[in-house]
file target-v3.cif (mmCIF, C-alpha atoms)
data_target
#
loop_
_atom_site.label_atom_id
_atom_site.label_comp_id
_atom_site.auth_asym_id
_atom_site.auth_seq_id
_atom_site.Cartn_x
_atom_site.Cartn_y
_atom_site.Cartn_z
CA MET A 1 7.58 12.77 6.59
CA LEU A 2 6.40 11.32 9.88
CA PHE A 3 6.55 7.68 10.77
CA ASP A 4 2.81 7.89 11.35
CA VAL A 5 2.34 4.27 12.26
CA ASP A 6 -0.13 4.40 15.09
CA ALA A 7 -2.65 7.21 15.46
CA ARG A 8 -3.29 6.14 19.06
CA VAL A 9 0.19 7.30 20.11
CA LYS A 10 1.01 10.98 20.45
CA THR A 11 3.33 11.85 17.56
CA THR A 12 6.10 13.69 19.37
CA ARG A 13 8.96 14.31 16.95
CA TYR A 14 12.55 13.31 17.50
CA ALA A 15 15.51 14.05 15.23
CA CYS A 16 17.35 10.91 14.10
CA MET A 17 19.71 10.63 11.15
CA ASN A 18 18.30 13.93 9.93
CA GLN A 19 14.83 12.32 9.81
CA TRP A 20 11.68 12.76 11.87
CA VAL A 21 10.65 9.53 13.59
CA HIS A 22 7.70 8.33 15.61
CA PRO A 23 8.26 7.81 19.37
CA LYS A 24 7.79 4.04 18.94
CA PHE A 25 10.96 4.04 16.80
CA ALA A 26 14.61 4.58 17.65
CA CYS A 27 17.73 4.57 15.48
CA GLY A 28 20.97 2.72 16.16
CA ARG A 29 23.74 0.57 14.72
CA ASP A 30 24.38 -3.14 14.97
CA SER A 31 27.66 -4.95 15.67
CA LEU A 32 28.55 -4.67 11.97
CA GLU A 33 28.15 -0.87 12.12
CA GLN A 34 25.06 -1.06 9.91
CA ASP A 35 22.36 1.52 10.50
CA ILE A 36 19.20 -0.01 11.89
CA ILE A 37 15.94 1.13 13.38
CA PHE A 38 14.11 -0.32 16.38
CA LYS A 39 10.37 -0.45 16.85
CA LEU A 40 8.58 -1.15 20.12
CA VAL A 41 6.02 -3.92 19.63
CA ASP A 42 3.60 -5.11 22.30
CA LYS A 43 4.12 -8.78 23.12
CA GLY A 44 1.38 -11.21 22.20
CA THR A 45 -0.24 -8.94 19.61
CA MET A 46 -0.94 -9.79 15.99
CA GLU A 47 1.88 -7.42 15.01
CA ASP A 48 4.30 -9.31 17.27
CA GLN A 49 3.15 -12.62 15.75
CA ILE A 50 3.67 -11.32 12.21
CA TYR A 51 7.20 -10.05 12.88
CA ARG A 52 8.15 -13.37 14.44
CA TYR A 53 6.69 -15.22 11.45
CA LEU A 54 8.54 -12.98 8.97
CA ALA A 55 11.80 -13.54 10.86
CA ARG A 56 11.50 -17.21 9.83
CA CYS A 57 11.05 -16.45 6.10
CA PRO A 58 14.38 -17.06 4.30
CA ALA A 59 13.27 -15.17 1.16
CA LEU A 60 13.38 -11.89 3.10
CA TYR A 61 17.12 -12.28 3.69
CA ASP A 62 18.19 -13.39 0.21
CA ALA A 63 19.12 -10.54 -2.14
CA THR A 64 18.12 -12.67 -5.15
CA THR A 65 14.59 -13.29 -3.85
CA PHE A 66 13.96 -10.18 -1.75
CA PRO A 67 10.15 -9.75 -1.81
CA CYS A 68 10.06 -6.05 -0.95
CA VAL A 69 8.90 -6.33 2.64
CA LEU A 70 11.24 -4.74 5.19
CA PRO A 71 12.57 -7.70 7.21
CA PRO A 72 13.12 -7.89 10.96
CA THR A 73 16.83 -8.52 11.52
CA ALA A 74 16.39 -9.29 15.22
CA ILE A 75 13.68 -9.37 17.87
CA VAL A 76 15.09 -8.32 21.22
CA ALA A 77 13.16 -9.45 24.29
CA SER A 78 12.59 -7.27 27.32
CA PRO A 79 11.27 -7.96 30.84
CA TYR A 80 8.34 -5.70 30.05
CA LYS A 81 5.21 -6.11 27.93
CA PHE A 82 7.00 -5.13 24.75
CA ALA A 83 9.87 -6.29 22.57
CA PHE A 84 12.25 -4.42 20.27
CA VAL A 85 12.08 -5.30 16.58
CA ALA A 86 15.24 -4.33 14.68
CA MET A 87 15.01 -3.60 10.95
CA PRO A 88 17.41 -2.22 8.31
CA ARG A 89 17.50 1.57 8.20
CA TRP A 90 15.56 2.60 5.10
CA GLY A 91 14.11 6.01 4.42
CA PRO A 92 10.57 7.43 4.32
CA ARG A 93 11.45 10.75 2.72
CA TYR A 94 10.92 9.96 -0.94
CA ARG A 95 8.40 12.00 -2.91
CA ILE A 96 6.48 10.22 -5.62
CA ARG A 97 5.60 13.49 -7.33
CA GLU A 98 9.35 13.93 -7.99
CA PHE A 99 9.43 10.85 -10.23
CA SER A 100 10.35 12.09 -13.67
CA SER A 101 10.51 8.96 -15.85
CA ILE A 102 8.52 5.83 -16.57
CA ARG A 103 11.41 3.79 -15.13
CA GLU A 104 10.87 5.31 -11.68
CA ILE A 105 7.14 4.56 -11.81
CA VAL A 106 7.77 0.98 -12.97
CA THR A 107 10.26 0.37 -10.15
CA PHE A 108 7.85 1.65 -7.51
CA MET A 109 4.92 -0.38 -8.86
CA ARG A 110 6.96 -3.56 -9.24
CA CYS A 111 8.30 -3.37 -5.70
CA THR A 112 5.00 -2.59 -3.99
CA LEU A 113 3.10 -5.25 -5.96
CA THR A 114 5.83 -7.77 -5.11
CA GLY A 115 5.61 -6.88 -1.43
CA LEU A 116 1.82 -7.12 -1.30
CA SER A 117 1.82 -10.41 -3.22
CA PHE A 118 4.36 -11.87 -0.79
CA LEU A 119 2.30 -10.83 2.24
CA HIS A 120 -0.91 -12.24 0.77
CA ASP A 121 0.85 -15.50 -0.18
CA HIS A 122 1.53 -15.83 3.54
CA ARG A 123 -2.06 -14.75 4.31
CA ILE A 124 -1.01 -11.45 5.87
CA ALA A 125 -3.45 -8.64 5.06
CA HIS A 126 -1.59 -5.35 5.49
CA ARG A 127 -4.70 -3.20 6.04
CA ASP A 128 -2.83 0.14 6.06
CA ILE A 129 -1.56 0.73 2.52
CA HIS A 130 -0.15 4.26 2.36
CA GLU A 131 3.02 6.03 1.24
CA SER A 132 4.11 6.42 4.87
CA ASN A 133 4.23 2.62 5.16
CA ILE A 134 6.44 2.18 2.09
CA MET A 135 10.17 2.75 2.55
CA ILE A 136 12.98 3.34 0.04
CA ASN A 137 16.48 1.85 0.40
CA TRP A 138 18.05 5.29 0.74
CA TYR A 139 18.20 8.01 3.35
CA CYS A 140 20.10 11.21 3.93
CA GLY A 141 22.48 11.31 6.89
CA ASN A 142 23.32 14.11 9.28
CA GLY A 143 25.39 17.03 8.13
CA GLN A 144 24.04 17.15 4.58
CA GLY A 145 22.05 20.09 3.32
CA GLU A 146 18.49 19.77 2.02
CA ASP A 147 19.52 20.67 -1.54
CA ASP A 148 22.22 18.01 -1.58
CA CYS A 149 19.83 15.44 -0.12
CA ALA A 150 17.17 16.28 -2.71
CA GLU A 151 19.63 15.92 -5.57
CA ARG A 152 20.92 12.57 -4.33
CA ARG A 153 17.39 11.37 -3.62
CA ARG A 154 16.26 12.09 -7.19
CA ALA A 155 19.36 10.36 -8.55
CA HIS A 156 18.54 7.27 -6.47
CA TYR A 157 15.01 7.09 -7.92
CA ARG A 158 16.64 6.52 -11.33
CA SER A 159 19.25 4.08 -10.06
CA PRO A 160 19.00 0.34 -10.89
CA SER A 161 19.57 -0.30 -7.18
CA ALA A 162 16.44 1.58 -6.07
CA LEU A 163 14.03 -0.56 -4.07
CA TYR A 164 10.85 0.08 -2.12
CA ALA A 165 9.48 -2.11 0.67
CA LEU A 166 6.29 -2.39 2.68
CA LEU A 167 6.48 -2.22 6.45
CA ASP A 168 4.37 -1.55 9.56
CA PHE A 169 1.93 -4.20 10.72
CA ASP A 170 0.04 -2.29 13.43
CA PHE A 171 -3.29 -3.01 11.72
CA SER A 172 -2.29 -6.17 9.89
CA LEU A 173 -3.99 -9.52 10.17
CA GLN A 174 -2.52 -12.96 9.60
CA LEU A 175 -4.90 -15.82 8.85
CA PRO A 176 -4.33 -19.56 8.33
CA LEU A 177 -2.53 -20.44 5.09
CA GLU A 178 -5.56 -22.35 3.80
CA THR A 179 -7.66 -19.14 3.90
CA SER A 180 -9.09 -18.27 0.47
CA LEU A 181 -7.91 -14.92 -0.84
CA ARG A 182 -11.20 -14.52 -2.72
CA ASP A 183 -13.67 -15.80 -0.14
CA CYS A 184 -12.13 -14.43 3.06
CA ARG A 185 -14.60 -12.40 5.13
CA ARG A 186 -14.02 -10.20 8.15
CA PRO A 187 -16.35 -7.81 10.02
CA ALA A 188 -16.97 -4.68 7.93
CA SER A 189 -16.05 -2.45 10.89
CA GLN A 190 -12.40 -3.50 10.42
CA ALA A 191 -12.35 -1.85 6.99
CA PHE A 192 -12.19 1.55 8.67
CA ASP A 193 -8.85 0.84 10.39
CA GLY A 194 -5.67 2.46 9.11
CA LYS A 195 -5.21 5.54 6.97
CA ASP A 196 -8.19 6.04 4.70
CA ASP A 197 -6.63 8.07 1.86
CA TYR A 198 -6.93 5.15 -0.60
CA HIS A 199 -9.75 3.10 0.90
CA PRO A 200 -12.19 1.73 -1.70
CA ALA A 201 -15.95 1.91 -1.15
CA ASP A 202 -16.25 -1.81 -0.35
CA VAL A 203 -18.32 -1.20 2.81
CA HIS A 204 -20.07 2.04 1.83
CA GLN A 205 -23.30 0.17 1.15
CA GLY A 206 -23.73 -1.03 4.74
CA GLU A 207 -22.13 -4.44 4.19
CA ARG A 208 -21.76 -6.82 7.12
CA HIS A 209 -18.42 -8.20 5.96
CA TYR A 210 -15.50 -7.36 3.70
CA ASN A 211 -12.51 -9.11 2.16
CA PRO A 212 -9.28 -7.61 3.62
CA PHE A 213 -7.11 -9.05 0.83
CA ALA A 214 -9.23 -7.57 -1.96
CA PHE A 215 -9.35 -4.35 0.07
CA ASP A 216 -5.53 -4.22 0.17
CA VAL A 217 -5.33 -4.64 -3.60
CA ALA A 218 -7.82 -1.82 -4.17
CA CYS A 219 -5.93 0.45 -1.74
CA LEU A 220 -2.67 -0.06 -3.63
CA GLY A 221 -4.49 0.36 -6.94
CA ASN A 222 -6.00 3.63 -5.72
CA LEU A 223 -2.55 4.82 -4.62
CA PHE A 224 -1.31 4.08 -8.16
CA LEU A 225 -4.32 5.84 -9.68
CA TYR A 226 -3.79 8.93 -7.55
CA HIS A 227 -0.16 9.28 -8.57
CA PHE A 228 0.20 7.64 -11.98
CA ALA A 229 -3.04 8.12 -13.96
CA ASN A 230 -1.35 10.52 -16.35
CA ALA A 231 1.22 7.82 -17.23
CA ILE A 232 -1.54 5.85 -19.01
CA PRO A 233 -1.07 7.57 -22.40
CA VAL A 234 2.59 6.47 -22.31
CA VAL A 235 1.88 2.93 -21.04
CA PRO A 236 -1.74 2.21 -22.08
CA PRO A 237 -2.03 -1.28 -20.49
CA LEU A 238 -1.78 0.41 -17.08
CA ALA A 239 -5.45 1.32 -17.53
CA VAL A 240 -6.38 -2.36 -17.55
CA LEU A 241 -4.21 -3.13 -14.52
CA LEU A 242 -5.63 -0.24 -12.50
CA SER A 243 -9.20 -1.09 -13.53
CA GLN A 244 -8.79 -4.70 -12.43
CA MET A 245 -7.19 -3.67 -9.13
CA THR A 246 -9.85 -1.13 -8.20
CA THR A 247 -13.10 -2.32 -9.76
CA HIS A 248 -16.10 -2.08 -7.43
CA VAL A 249 -17.10 -5.59 -8.52
CA ILE A 250 -15.00 -7.23 -5.84
CA ASP A 251 -15.30 -10.76 -7.26
CA ASP A 252 -13.71 -9.48 -10.49
CA ARG A 253 -10.84 -7.71 -8.75
CA PHE A 254 -7.31 -9.00 -9.29
CA THR A 255 -5.59 -10.75 -6.42
CA ALA A 256 -2.18 -9.29 -5.57
CA ALA A 257 -0.47 -12.20 -7.36
CA GLU A 258 -2.61 -11.68 -10.47
CA ALA A 259 -1.88 -7.95 -10.44
CA LEU A 260 1.86 -8.62 -10.15
CA ALA A 261 1.78 -11.17 -12.98
CA PHE A 262 -0.15 -8.77 -15.22
CA PHE A 263 2.27 -5.95 -14.38
CA ARG A 264 5.27 -8.12 -15.21
CA GLY A 265 3.69 -8.78 -18.59
CA ILE A 266 3.33 -5.03 -19.14
CA GLU A 267 6.94 -4.43 -18.13
CA ALA A 268 8.27 -7.18 -20.38
CA ALA A 269 6.38 -5.79 -23.37
CA LEU A 270 7.50 -2.17 -23.01
CA PRO A 271 9.17 -0.95 -26.22
CA PRO A 272 12.90 -0.15 -26.04
CA GLY A 273 13.55 3.30 -24.66
CA ILE A 274 10.11 3.80 -23.13
CA LEU A 275 11.47 3.42 -19.58
CA ASP A 276 13.49 6.58 -19.99
CA SER A 277 10.53 8.61 -21.29
CA GLY A 278 10.08 11.76 -19.26
CA ILE A 279 6.85 12.47 -17.40
CA THR A 280 5.48 15.10 -15.04
CA LEU A 281 3.17 13.55 -12.47
CA LYS A 282 -0.01 15.33 -11.43
CA PRO A 283 -1.59 13.60 -8.43
CA ASP A 284 -5.39 13.62 -8.60
CA TYR A 285 -8.08 11.90 -6.51
CA GLY A 286 -10.63 12.28 -9.33
CA PRO A 287 -9.86 8.95 -11.08
CA LEU A 288 -10.49 7.06 -7.83
CA ASP A 289 -14.18 7.98 -7.99
CA ASP A 290 -14.63 8.22 -11.75
CA PRO A 291 -12.89 5.58 -13.92
CA SER A 292 -13.79 7.53 -17.06
CA LEU A 293 -11.22 10.16 -16.06
CA TYR A 294 -8.36 7.75 -16.65
CA TRP A 295 -10.03 5.45 -19.17
CA SER A 296 -10.53 8.43 -21.49
CA ARG A 297 -6.74 8.85 -21.62
CA LEU A 298 -6.56 5.71 -23.79
CA PRO A 299 -6.65 5.93 -27.59
CA PRO A 300 -10.15 5.05 -28.92
CA SER A 301 -8.86 1.78 -30.39
CA ASP A 302 -7.55 0.64 -27.00
CA GLN A 303 -10.77 1.66 -25.28
CA ILE A 304 -12.66 -0.66 -27.64
CA LYS A 305 -10.09 -3.48 -27.33
CA TRP A 306 -10.13 -3.46 -23.53
CA GLN A 307 -13.78 -2.54 -23.01
CA SER A 308 -14.42 -5.79 -21.11
CA HIS A 309 -11.90 -4.69 -18.45
CA ARG A 310 -13.53 -1.33 -17.84
CA PRO A 311 -15.37 -1.14 -14.49
CA PRO A 312 -19.14 -1.27 -15.10
CA PRO A 313 -21.34 1.64 -13.99
CA LEU A 314 -22.66 1.52 -10.44
CA SER A 315 -26.08 -0.10 -10.19
CA TRP A 316 -28.99 2.04 -9.00
CA THR A 317 -29.18 0.01 -5.76
CA THR A 318 -25.51 0.70 -5.03
CA ARG A 319 -25.97 4.41 -5.68
CA VAL A 320 -29.03 4.55 -3.41
CA LEU A 321 -27.34 2.61 -0.61
CA ARG A 322 -24.25 4.82 -0.78
CA ARG A 323 -26.34 7.96 -0.63
CA LEU A 324 -28.36 6.66 2.33
CA ASN A 325 -25.26 5.40 4.08
CA ALA A 326 -23.60 8.81 3.70
CA THR A 327 -26.22 10.44 5.96
CA ARG A 328 -25.93 10.55 9.73
CA ILE A 329 -29.02 8.42 10.32
CA GLY A 330 -28.50 6.17 7.30
CA TRP A 331 -25.03 5.24 8.55
CA LYS A 332 -26.76 3.51 11.48
CA ILE A 333 -29.94 2.24 9.84
CA VAL A 334 -28.58 0.69 6.62
CA PRO A 335 -26.03 -1.61 8.32
CA PHE A 336 -28.61 -2.53 10.98
CA VAL A 337 -31.19 -3.52 8.36
CA ARG A 338 -28.62 -5.51 6.38
CA ARG A 339 -27.46 -7.30 9.52
CA SER A 340 -31.03 -8.07 10.52
CA LEU A 341 -31.95 -9.41 7.08
CA ARG A 342 -28.50 -11.02 6.64
CA ILE A 343 -28.05 -9.45 3.21
#
call {"tool": "encode", "arguments": {"input": "target-v3.cif", "output": "structure tokens"}}
result
Amino acid sequence: MLFDVDARVKTTRYACMNQWVHPKFACGRDSLEQDIIFKLVDKGTMEDQIYRYLARCPALYDATTFPCVLPPTAIVASPYKFAFVAMPRWGPRYRIREFSSIREIVTFMRCTLTGLSFLHDHRIAHRDIHESNIMINWYCGNGQGEDDCAERRRAHYRSPSALYALLDFDFSLQLPLETSLRDCRRPASQAFDGKDDYHPADVHQGERHYNPFAFDVACLGNLFLYHFANAIPVVPPLAVLLSQMTTHVIDDRFTAAEALAFFRGIEAALPPGILDSGITLKPDYGPLDDPSLYWSRLPPSDQIKWQSHRPPPLSWTTRVLRRLNATRIGWKIVPFVRRSLRI
């Protein structure tokens, strides 16, 4: 998998530790002979500010409180317009579709929700939620065959030591700590930054503004939906979690902290032995656009019990605006009209 962290840079490939890396990255070792990776970061940018802020967060360097965000271990100055950010060497070459048990899904969800909650607590909106920006604490070194690497990789998924962490702040935004996670507003044009595989339709109605924190939550929820919808029959409360993370009613959407707290409740209530239940994942974009495709996986009794958490149908005005906004001319007219009328 590529370190596809900045589409503006030509993605020439370089071999490093038997991995493909982006030209803004380089591999090395520190004085303790630990494998690390360097990233070039332009000085004075928001990304540079965020790395320097994270370097002052003690929780990132304590194994008992690690919040699943890959920490900078050093920031090396240069006489040029960039600095080198050193980070632990983790790996990008995991494959979610290889997960074969509920335990592996739970670990991935717990880690990524923890990481996003930590960033939002510090008012950092990631704005580029994607598998390529989530690392695993494992990688395959040189001299090992693909079959051996694949076998060891799958074994690590099941290991109690498996961890995943968010990284890459090219598109991220840090706001003052007093910023409201629910009422934050940024220009709608910024919602189109980053990889769009899991973007919700928050600005598909010609909105003038959007909430980057709620957008992050929906992106991660859509990533979960794409990969894990067919785990809902095994862990039914996941339907509620995913509904509340991805609902189109943005004011009703979970914050990252609420999603993490709800998930921890699900995990704590899992019956003995359920974590080792086998599963074959079938990634599908369908549930992202049609909640009924995953809600229907619930038993009828649970559908009735949790009906209040089910995303409501789109209003006729939303459907009309989306259809207009999807046309070449509507894409220009609808936002212009909404800006002019301030609606």
call {"tool": "closest_residue", "arguments": {"input": "target-v3.cif", "among": "A:Ala86, A:Gly330, A:Met109, A:Leu175", "to": "Leu242 of chain A", "atoms": "only C-alpha atoms"}}
result
A:Met109
call {"tool": "residues_around", "arguments": {"input": "target-v3.cif", "residues": "segment 57-67 of chain A", "least_positions_apart": "3", "cutoff": "6 Å", "atoms": "all atoms listed in the file", "output": "count of residues only"}}
result
4
call {"tool": "residues_around", "arguments": {"input": "target-v3.cif", "residues": "Ser180 of chain A", "least_positions_apart": "6", "cutoff": "10 Å", "atoms": "all atoms listed in the file", "output": "list in words"}}
result
Arg123, Asn211 and Phe213 of chain A
call {"tool": "atom_distance", "arguments": {"input": "target-v3.cif", "atom1": "atom CA of Arg310 of chain A", "atom2": "atom CA of Ser292 of chain A"}}
result
8.9 Å
call {"tool": "axis_aligned_box", "arguments": {"input": "target-v3.cif", "around": "segment 255-258 of chain A", "padding_each_side": "8 Å", "output": "JSON"}}
result
{"center_x": -3.0, "center_y": -10.7, "center_z": -8.0, "size_x": 21.1, "size_y": 18.9, "size_z": 20.9}
call {"tool": "closest_atom_pairs", "arguments": {"input": "target-v3.cif", "of": "segment 149-191 of chain A", "to": "segment 131-139 of chain A", "cutoff": "9 Å", "atoms": "all atoms listed in the file", "output": "tab-separated table"}}
result
residue	atom	partner	partner_atom	distance
A:Cys149	CA	A:Tyr139	CA	8.4
A:Arg153	CA	A:Trp138	CA	7.5
A:His156	CA	A:Trp138	CA	7.5
A:Ser161	CA	A:Asn137	CA	8.5
A:Ala162	CA	A:Asn137	CA	6.5
A:Leu163	CA	A:Asn137	CA	5.6
A:Tyr164	CA	A:Ile136	CA	4.5
A:Ala165	CA	A:Met135	CA	5.3
A:Leu166	CA	A:Ile134	CA	4.6
A:Leu167	CA	A:Asn133	CA	5.5
A:Asp168	CA	A:Asn133	CA	6.1
call {"tool": "residues_near_point", "arguments": {"input": "target-v3.cif", "point": "(1.7, 0.3, -6.1)", "cutoff": "12 Å", "atoms": "all atoms listed in the file", "output": "ChimeraX atom specification"}}
result
/A:68,96,104-117,129-131,133-134,164-166,198,216-228,238,241-242,245-246,256,259-260,263
call {"tool": "closest_residue", "arguments": {"input": "target-v3.cif", "among": "A:Asp252, A:Ser172, A:Gly44, A:Glu207", "to": "Ile333 of chain A", "atoms": "all atoms listed in the file"}}
result
A:Glu207
call {"tool": "atom_distance", "arguments": {"input": "target-v3.cif", "atom1": "atom CA of Cys27 of chain A", "atom2": "atom CA of Lys39 of chain A"}}
result
9.0 Å
call {"tool": "atom_distance", "arguments": {"input": "target-v3.cif", "atom1": "atom CA of Ser189 of chain A", "atom2": "atom CA of Gly206 of chain A"}}
result
9.9 Å
call {"tool": "decode", "arguments": {"input": "target-v3.cif", "residues": "segment 64-73 of chain A", "atoms": "all heavy atoms", "output": "PDB file, in the first residue's frame"}}
result
ATOM      1  N   THR A  64       0.577   3.071  29.094  1.00  0.00           N
ATOM      2  CA  THR A  64      -0.683   2.806  29.799  1.00  0.00           C
ATOM      3  C   THR A  64      -1.807   3.734  29.355  1.00  0.00           C
ATOM      4  O   THR A  64      -2.981   3.473  29.627  1.00  0.00           O
ATOM      5  CB  THR A  64      -0.496   2.953  31.322  1.00  0.00           C
ATOM      6  OG1 THR A  64      -0.128   4.311  31.621  1.00  0.00           O
ATOM      7  CG2 THR A  64       0.587   2.009  31.817  1.00  0.00           C
ATOM      8  N   THR A  65      -1.451   4.829  28.677  1.00  0.00           N
ATOM      9  CA  THR A  65      -2.475   5.788  28.245  1.00  0.00           C
ATOM     10  C   THR A  65      -2.428   6.037  26.751  1.00  0.00           C
ATOM     11  O   THR A  65      -3.094   6.956  26.268  1.00  0.00           O
ATOM     12  CB  THR A  65      -2.287   7.135  28.973  1.00  0.00           C
ATOM     13  OG1 THR A  65      -0.984   7.678  28.653  1.00  0.00           O
ATOM     14  CG2 THR A  65      -2.412   6.965  30.476  1.00  0.00           C
ATOM     15  N   PHE A  66      -1.668   5.241  26.012  1.00  0.00           N
ATOM     16  CA  PHE A  66      -1.457   5.517  24.587  1.00  0.00           C
ATOM     17  C   PHE A  66      -2.792   5.706  23.869  1.00  0.00           C
ATOM     18  O   PHE A  66      -3.633   4.800  23.846  1.00  0.00           O
ATOM     19  CB  PHE A  66      -0.671   4.370  23.941  1.00  0.00           C
ATOM     20  CG  PHE A  66      -0.422   4.577  22.468  1.00  0.00           C
ATOM     21  CD1 PHE A  66       0.301   5.665  22.019  1.00  0.00           C
ATOM     22  CD2 PHE A  66      -0.924   3.677  21.530  1.00  0.00           C
ATOM     23  CE1 PHE A  66       0.540   5.863  20.662  1.00  0.00           C
ATOM     24  CE2 PHE A  66      -0.696   3.857  20.181  1.00  0.00           C
ATOM     25  CZ  PHE A  66       0.035   4.950  19.744  1.00  0.00           C
ATOM     26  N   PRO A  67      -3.020   6.888  23.258  1.00  0.00           N
ATOM     27  CA  PRO A  67      -4.326   7.181  22.672  1.00  0.00           C
ATOM     28  C   PRO A  67      -4.440   6.872  21.184  1.00  0.00           C
ATOM     29  O   PRO A  67      -5.297   7.424  20.492  1.00  0.00           O
ATOM     30  CB  PRO A  67      -4.464   8.679  22.931  1.00  0.00           C
ATOM     31  CG  PRO A  67      -3.060   9.183  22.816  1.00  0.00           C
ATOM     32  CD  PRO A  67      -2.171   8.081  23.337  1.00  0.00           C
ATOM     33  N   CYS A  68      -3.590   6.012  20.686  1.00  0.00           N
ATOM     34  CA  CYS A  68      -3.716   5.509  19.312  1.00  0.00           C
ATOM     35  C   CYS A  68      -3.587   6.603  18.259  1.00  0.00           C
ATOM     36  O   CYS A  68      -4.337   6.650  17.268  1.00  0.00           O
ATOM     37  CB  CYS A  68      -5.026   4.742  19.141  1.00  0.00           C
ATOM     38  SG  CYS A  68      -5.127   3.275  20.201  1.00  0.00           S
ATOM     39  N   VAL A  69      -2.642   7.490  18.486  1.00  0.00           N
ATOM     40  CA  VAL A  69      -2.202   8.462  17.481  1.00  0.00           C
ATOM     41  C   VAL A  69      -0.690   8.319  17.404  1.00  0.00           C
ATOM     42  O   VAL A  69      -0.011   8.377  18.439  1.00  0.00           O
ATOM     43  CB  VAL A  69      -2.579   9.902  17.877  1.00  0.00           C
ATOM     44  CG1 VAL A  69      -1.952  10.910  16.917  1.00  0.00           C
ATOM     45  CG2 VAL A  69      -4.089  10.074  17.901  1.00  0.00           C
ATOM     46  N   LEU A  70      -0.150   8.086  16.214  1.00  0.00           N
ATOM     47  CA  LEU A  70       1.282   7.834  16.088  1.00  0.00           C
ATOM     48  C   LEU A  70       2.061   9.079  16.519  1.00  0.00           C
ATOM     49  O   LEU A  70       1.891  10.151  15.934  1.00  0.00           O
ATOM     50  CB  LEU A  70       1.624   7.464  14.645  1.00  0.00           C
ATOM     51  CG  LEU A  70       2.934   6.690  14.458  1.00  0.00           C
ATOM     52  CD1 LEU A  70       2.861   5.331  15.147  1.00  0.00           C
ATOM     53  CD2 LEU A  70       3.233   6.492  12.973  1.00  0.00           C
ATOM     54  N   PRO A  71       2.907   8.965  17.552  1.00  0.00           N
ATOM     55  CA  PRO A  71       3.533  10.163  18.124  1.00  0.00           C
ATOM     56  C   PRO A  71       4.819  10.554  17.414  1.00  0.00           C
ATOM     57  O   PRO A  71       5.578   9.692  16.945  1.00  0.00           O
ATOM     58  CB  PRO A  71       3.838   9.719  19.552  1.00  0.00           C
ATOM     59  CG  PRO A  71       4.131   8.249  19.410  1.00  0.00           C
ATOM     60  CD  PRO A  71       3.222   7.746  18.308  1.00  0.00           C
ATOM     61  N   PRO A  72       5.103  11.844  17.325  1.00  0.00           N
ATOM     62  CA  PRO A  72       6.431  12.271  16.873  1.00  0.00           C
ATOM     63  C   PRO A  72       7.440  12.020  17.987  1.00  0.00           C
ATOM     64  O   PRO A  72       7.209  12.393  19.136  1.00  0.00           O
ATOM     65  CB  PRO A  72       6.253  13.770  16.605  1.00  0.00           C
ATOM     66  CG  PRO A  72       5.116  14.175  17.487  1.00  0.00           C
ATOM     67  CD  PRO A  72       4.226  12.972  17.635  1.00  0.00           C
ATOM     68  N   THR A  73       8.534  11.327  17.671  1.00  0.00           N
ATOM     69  CA  THR A  73       9.561  11.073  18.688  1.00  0.00           C
ATOM     70  C   THR A  73      10.634  12.155  18.671  1.00  0.00           C
ATOM     71  O   THR A  73      11.377  12.297  19.633  1.00  0.00           O
ATOM     72  CB  THR A  73      10.220   9.703  18.461  1.00  0.00           C
ATOM     73  OG1 THR A  73      10.742   9.644  17.128  1.00  0.00           O
ATOM     74  CG2 THR A  73       9.190   8.592  18.647  1.00  0.00           C
TER      75      THR A  73
END
